[in-house]
$ cat final_22.cif   # mmCIF, C-alpha atoms and all ligand atoms
data_work
loop_
_atom_site.label_atom_id
_atom_site.label_comp_id
_atom_site.auth_asym_id
_atom_site.auth_seq_id
_atom_site.Cartn_x
_atom_site.Cartn_y
_atom_site.Cartn_z
CA MET A 1 15.66 20.90 -20.06
CA LYS A 2 16.10 19.96 -23.73
CA PHE A 3 19.63 21.33 -23.63
CA GLN A 4 20.42 19.23 -20.54
CA LYS A 5 19.15 16.08 -22.26
CA GLN A 6 21.35 16.75 -25.28
CA LEU A 7 24.29 17.34 -23.03
CA VAL A 8 23.75 14.03 -21.24
CA ILE A 9 23.57 12.20 -24.59
CA LEU A 10 26.70 13.96 -25.80
CA VAL A 11 28.61 13.09 -22.63
CA PHE A 12 27.45 9.50 -22.93
CA LEU A 13 28.56 9.30 -26.57
CA ASP A 14 31.87 10.84 -25.69
CA LEU A 15 32.45 8.32 -22.88
CA SER A 16 31.46 5.39 -25.10
CA GLY A 17 33.82 6.58 -27.81
CA HIS A 18 36.54 6.99 -25.25
CA PHE A 19 35.91 3.46 -23.95
CA ASP A 20 36.09 1.95 -27.44
CA LEU A 21 39.39 3.70 -28.08
CA MET A 22 40.65 2.46 -24.71
CA GLN A 23 40.01 -1.16 -25.69
CA ASN A 24 42.37 -0.90 -28.66
CA ILE A 25 45.36 -0.33 -26.42
CA SER A 26 46.58 -3.76 -25.39
CA GLU A 27 47.72 -2.74 -21.87
CA ILE A 28 44.28 -1.26 -21.21
CA HIS A 29 42.49 -4.17 -22.81
CA ASN A 30 44.33 -6.52 -20.43
CA LEU A 31 43.53 -4.29 -17.45
CA ILE A 32 39.83 -4.29 -18.36
CA LYS A 33 39.87 -8.07 -18.58
CA ILE A 34 41.42 -8.39 -15.11
CA ILE A 35 39.44 -5.70 -13.30
CA SER A 36 36.13 -7.04 -14.69
CA LYS A 37 36.81 -10.26 -12.79
CA LEU A 38 36.67 -8.46 -9.43
CA PRO A 39 33.50 -8.93 -7.37
CA GLY A 40 30.70 -6.56 -8.24
CA LEU A 41 32.45 -5.18 -11.32
CA GLY A 42 31.65 -5.70 -14.98
CA PRO A 43 33.46 -4.40 -18.08
CA LYS A 44 31.67 -1.04 -17.87
CA SER A 45 32.73 -0.26 -14.31
CA ALA A 46 36.19 -1.65 -15.05
CA LYS A 47 36.55 0.89 -17.86
CA ARG A 48 35.44 3.72 -15.57
CA ILE A 49 37.99 2.69 -12.94
CA ILE A 50 40.77 2.54 -15.53
CA LEU A 51 39.83 5.93 -16.94
CA LYS A 52 39.97 7.36 -13.41
CA LEU A 53 43.40 5.77 -12.87
CA ILE A 54 44.78 7.07 -16.15
CA ASN A 55 43.55 10.56 -15.40
CA ASN A 56 45.20 10.42 -11.97
CA ARG A 57 48.50 8.73 -12.76
CA GLN A 58 50.52 10.18 -9.87
CA GLU A 59 47.84 10.31 -7.18
CA LEU A 60 46.14 6.96 -7.87
CA MET A 61 47.74 4.77 -10.52
CA LYS A 62 51.31 4.85 -9.20
CA PRO A 63 50.45 4.23 -5.50
CA LEU A 64 47.97 1.52 -6.51
CA ALA A 65 50.59 -0.27 -8.61
CA GLU A 66 53.12 0.00 -5.78
CA THR A 67 50.80 -1.14 -2.99
CA LEU A 68 49.49 -4.01 -5.13
CA SER A 69 53.02 -5.16 -5.78
CA GLU A 70 53.86 -4.91 -2.03
CA ALA A 71 50.72 -6.86 -1.11
CA TYR A 72 51.50 -9.48 -3.75
CA LYS A 73 54.99 -9.94 -2.32
CA ASN A 74 54.14 -9.82 1.39
CA VAL A 75 50.57 -10.90 2.06
CA THR A 76 50.27 -14.67 2.33
CA ARG A 77 48.14 -17.24 4.11
CA CYS A 78 49.21 -18.36 7.55
CA LYS A 79 50.05 -22.04 7.23
CA ASN A 80 48.71 -22.68 10.73
CA CYS A 81 45.20 -21.13 10.72
CA GLY A 82 44.70 -20.17 7.07
CA SER A 83 44.19 -16.47 7.81
CA LEU A 84 45.92 -13.73 5.87
CA LYS A 85 49.16 -12.38 7.27
CA SER A 86 52.03 -10.14 6.30
CA ASN A 87 55.44 -11.74 5.86
CA ASN A 88 56.75 -8.81 7.92
CA SER A 89 54.81 -9.76 11.06
CA ASN A 90 53.23 -12.62 12.97
CA CYS A 91 49.74 -13.89 12.17
CA ASP A 92 47.23 -11.87 14.24
CA ASN A 93 44.82 -14.78 14.34
CA CYS A 94 47.41 -17.07 15.90
CA HIS A 95 49.06 -14.53 18.20
CA SER A 96 46.20 -12.35 19.44
CA ASN A 97 44.50 -15.18 21.34
CA SER A 98 45.88 -14.92 24.85
CA LYS A 99 42.86 -16.87 26.13
CA LYS A 100 42.60 -20.62 25.86
CA TYR A 101 39.52 -21.98 24.12
CA ASN A 102 38.14 -25.48 23.68
CA LYS A 103 36.29 -24.89 20.42
CA ILE A 104 37.41 -24.26 16.87
CA CYS A 105 35.16 -22.93 14.13
CA VAL A 106 35.97 -23.89 10.53
CA VAL A 107 35.02 -21.26 7.94
CA GLU A 108 35.58 -20.84 4.22
CA ASN A 109 37.12 -17.40 4.21
CA ILE A 110 38.22 -14.55 6.44
CA ALA A 111 35.05 -12.53 5.73
CA ASP A 112 33.07 -15.37 7.33
CA GLN A 113 35.25 -15.09 10.43
CA TRP A 114 34.63 -11.32 10.63
CA THR A 115 30.86 -11.87 10.37
CA ILE A 116 30.86 -14.50 13.12
CA GLU A 117 33.13 -12.39 15.35
CA SER A 118 30.93 -9.34 14.99
CA SER A 119 27.84 -11.33 16.02
CA SER A 120 29.68 -12.39 19.24
CA VAL A 121 27.93 -15.77 19.09
CA PHE A 122 31.17 -17.75 19.17
CA LYS A 123 34.23 -17.55 21.39
CA GLY A 124 37.02 -19.75 20.19
CA TYR A 125 39.63 -20.30 17.53
CA PHE A 126 39.02 -20.02 13.81
CA HIS A 127 40.36 -22.16 11.01
CA ILE A 128 40.09 -20.63 7.55
CA LEU A 129 39.91 -23.05 4.65
CA GLY A 130 40.55 -20.44 1.97
CA GLY A 131 37.71 -21.74 -0.21
CA THR A 132 35.78 -24.90 -0.85
CA MET A 133 36.91 -28.14 -2.40
CA SER A 134 35.11 -27.77 -5.70
CA ASN A 135 35.92 -24.10 -5.98
CA SER A 136 38.42 -23.82 -8.83
CA ASN A 137 40.61 -21.49 -6.76
CA SER A 138 41.24 -24.00 -4.03
CA GLU A 139 40.34 -27.40 -5.29
CA ARG A 140 43.55 -28.89 -3.94
CA LYS A 141 42.71 -30.64 -0.73
CA GLU A 142 46.01 -29.66 0.88
CA ASP A 143 45.04 -25.99 0.50
CA LEU A 144 42.34 -26.52 3.14
CA LEU A 145 45.17 -26.97 5.71
CA LEU A 146 43.50 -30.00 7.27
CA ASP A 147 46.78 -31.41 8.62
CA SER A 148 47.24 -28.16 10.47
CA LEU A 149 43.61 -28.30 11.71
CA ILE A 150 44.25 -31.76 13.20
CA GLU A 151 47.48 -30.51 14.77
CA ARG A 152 45.68 -27.51 16.30
CA ILE A 153 42.90 -29.72 17.67
CA LYS A 154 45.44 -31.92 19.44
CA LYS A 155 47.74 -29.15 20.61
CA ASN A 156 44.95 -27.02 22.12
CA ASN A 157 42.91 -29.92 23.56
CA ILE A 158 39.94 -28.86 21.46
CA GLU A 159 36.64 -30.47 22.44
CA GLU A 160 34.41 -29.34 19.59
CA VAL A 161 34.90 -28.52 15.92
CA ILE A 162 32.08 -26.44 14.47
CA LEU A 163 31.79 -26.67 10.69
CA ALA A 164 30.50 -23.29 9.54
CA THR A 165 30.75 -23.69 5.78
CA SER A 166 28.12 -22.19 3.48
CA ALA A 167 24.81 -23.87 2.74
CA THR A 168 25.91 -24.42 -0.85
CA VAL A 169 26.69 -27.74 -2.52
CA GLU A 170 30.42 -26.92 -2.39
CA GLY A 171 30.23 -25.82 1.25
CA GLN A 172 28.40 -28.96 2.31
CA THR A 173 30.71 -31.25 0.31
CA THR A 174 33.68 -29.61 1.99
CA ALA A 175 32.08 -30.00 5.45
CA PHE A 176 31.50 -33.69 4.76
CA TYR A 177 35.10 -34.12 3.64
CA ILE A 178 36.42 -32.45 6.80
CA GLN A 179 34.14 -34.56 8.98
CA ASP A 180 35.51 -37.66 7.27
CA SER A 181 39.11 -36.46 7.71
CA LEU A 182 38.54 -36.08 11.47
CA LYS A 183 36.88 -39.45 11.97
CA ASN A 184 39.86 -40.97 13.78
CA ILE A 185 40.00 -38.20 16.38
CA SER A 186 37.75 -38.49 19.39
CA ILE A 187 36.11 -35.09 19.28
CA LYS A 188 32.65 -33.59 18.95
CA ILE A 189 31.95 -32.34 15.42
CA SER A 190 28.95 -30.15 14.80
CA LYS A 191 27.48 -28.27 11.89
CA LEU A 192 25.47 -25.07 11.82
CA ALA A 193 21.71 -25.63 12.01
CA GLN A 194 19.69 -26.45 8.93
CA GLY A 195 17.90 -23.12 9.36
CA LEU A 196 20.57 -21.58 7.14
CA PRO A 197 18.98 -20.53 3.87
CA MET A 198 20.06 -22.83 1.02
CA GLY A 199 22.84 -21.19 -0.91
CA GLY A 200 23.44 -18.95 2.11
CA GLU A 201 26.99 -17.75 2.49
CA ILE A 202 28.05 -17.13 6.07
CA GLU A 203 29.41 -13.65 5.41
CA SER A 204 26.06 -12.41 4.11
CA LEU A 205 23.92 -13.69 7.00
CA ASP A 206 22.33 -11.31 9.44
CA ASP A 207 23.18 -11.64 13.13
CA GLY A 208 19.81 -13.20 14.06
CA THR A 209 20.09 -16.05 11.54
CA LEU A 210 23.73 -16.63 12.42
CA ILE A 211 23.11 -16.73 16.18
CA SER A 212 20.22 -19.17 15.77
CA ALA A 213 22.30 -21.36 13.39
CA PHE A 214 25.07 -21.53 16.02
CA LYS A 215 22.77 -22.13 18.98
CA ASN A 216 20.87 -24.90 17.19
CA ARG A 217 23.92 -26.51 15.64
CA ARG A 218 23.70 -30.26 15.50
CA GLY A 219 26.26 -32.89 16.33
CA LEU A 220 27.43 -35.04 13.46
CA ASN A 221 29.11 -37.88 15.31
CA SER A 222 28.86 -40.03 18.40
CA GLY A 223 31.07 -37.61 20.31
CA SER A 224 28.20 -35.13 20.13
CA ASP A 225 25.42 -34.32 22.60
ZN ZN B 301 47.56 -17.96 11.82
#
$ encode --input "final_22.cif" --output "structure tokens" --more "lines below"
Ligand SMILES: [Zn+2]
Amino acid sequence: MKFQKQLVILVFLDLSGHFDLMQNISEIHNLIKIISKLPGLGPKSAKRIILKLINNRQELMKPLAETLSEAYKNVTRCKNCGSLKSNNSNCDNCHSNSKKYNKICVVENIADQWTIESSSVFKGYFHILGGTMSNSNSERKEDLLLDSLIERIKKNNIEEVILATSATVEGQTTAFYIQDSLKNISIKISKLAQGLPMGGEIESLDDGTLISAFKNRRGLNSGSD
């Protein structure tokens, strides 16, 4: 038992020493800085990931570098619906809908779309904003693809736009901005029910909450029920 404890401490010391040495190499230091920015990862896990990559140069590091570079070159946002697509093929979101719908649901990101789709509460088109207005990654209003949203509404004879942005200040500000941008179009605009927990992001909601938020959505304008 005592021996095991000492071993654990030794391994820990060895790893810490290794990590400190790693930081002195500028390429690794830069990698740590970038990987720590990924969701759910801090500097400690970033260092573990990098150590794993370095120890598996051929099997992990090389294919990761290559696939990242391919994805960087080829994966872009569809300018029509805001979903992700490969430059080598058509946008699935735009081309997989053989059915005609009369509703369009506006979400912040593709993970929100997946959550809503898996709950089966909504049948219709999706429009992905790619963020919120005050989010530093997409603060430019044109990034929300609102011109394209208006075009899609007209082209598909959409009757209702459902704003399914998060119950955060940014999400609600964005919803208000979209509502304002659509004010000259005669269309029903609705927003998910207030039952959404404050700060609630769509992608992390359970099916029950999501279904009730959709069913009890309220109209925001005179075109509503
Ligand atoms: Zn698309």
$ residues_near_ligand --input "final_22.cif" --ligand "ligand ZN 301 (chain B)" --cutoff "6 Å" --atoms "only C-alpha atoms and all ligand atoms" --output "list in words"
Cys78, Asn80, Cys81, Gly82, Ser83, Cys91, Asn93 and Cys94 of chain A
$ atom_distance --input "final_22.cif" --atom1 "CA of Thr165 (chain A)" --atom2 "CA of Val107 (chain A)"
5.4 Å
$ closest_atom_pairs --input "final_22.cif" --of "region 58-162 of chain A" --to "region 168-182 of chain A" --cutoff "10 Å" --atoms "all atoms listed in the file" --output "CSV"
residue,atom,partner,partner_atom,distance
A:Val106,CA,A:Ala175,CA,8.8
A:Val107,CA,A:Gly171,CA,9.4
A:Glu108,CA,A:Gly171,CA,7.9
A:Leu129,CA,A:Thr174,CA,9.4
A:Gly131,CA,A:Gly171,CA,8.6
A:Thr132,CA,A:Thr174,CA,5.9
A:Met133,CA,A:Thr174,CA,5.6
A:Ser134,CA,A:Glu170,CA,5.8
A:Asn135,CA,A:Glu170,CA,7.1
A:Lys141,CA,A:Tyr177,CA,9.4
A:Leu144,CA,A:Ile178,CA,9.1
A:Leu146,CA,A:Ile178,CA,7.5
A:Asp147,CA,A:Ser181,CA,9.2
A:Leu149,CA,A:Leu182,CA,9.3
A:Ile150,CA,A:Leu182,CA,7.4
A:Ile153,CA,A:Leu182,CA,9.9
A:Val161,CA,A:Gln179,CA,9.2
A:Ile162,CA,A:Ala175,CA,9.7
$ residues_around --input "final_22.cif" --residues "Asn88 (chain A)" --least-positions-apart "6" --cutoff "12 Å" --atoms "all atoms listed in the file" --output "ChimeraX atom specification"
/A:70-71,73-76
$ atom_distance --input "final_22.cif" --atom1 "CA of Leu68 (chain A)" --atom2 "CA of Leu84 (chain A)"
15.1 Å
$ residues_around --input "final_22.cif" --residues "Ala46 (chain A)" --least-positions-apart "6" --cutoff "6 Å" --atoms "only C-alpha atoms" --output "PyMOL selection string"
chain A and resi 32+35-36
$ atom_distance --input "final_22.cif" --atom1 "CA of Gly124 (chain A)" --atom2 "CA of Lys99 (chain A)"
8.8 Å
$ closest_residue --input "final_22.cif" --among "A:Arg152, A:Lys191, A:Lys85, A:Lys215" --to "His127 (chain A)" --atoms "all atoms listed in the file"
A:Arg152
$ closest_residue --input "final_22.cif" --among "A:Asn221, A:Ile211, A:Lys154, A:Ile50" --to "Lys183 (chain A)" --atoms "all atoms listed in the file"
A:Asn221
$ closest_residue --input "final_22.cif" --among "A:Ile185, A:Ile34, A:Ile158, A:Leu205" --to "Cys105 (chain A)" --atoms "only C-alpha atoms"
A:Ile158
$ closest_residue --input "final_22.cif" --among "A:Glu203, A:Ser148, A:Lys52, A:Asp143" --to "Ser119 (chain A)" --atoms "all atoms listed in the file"
A:Glu203
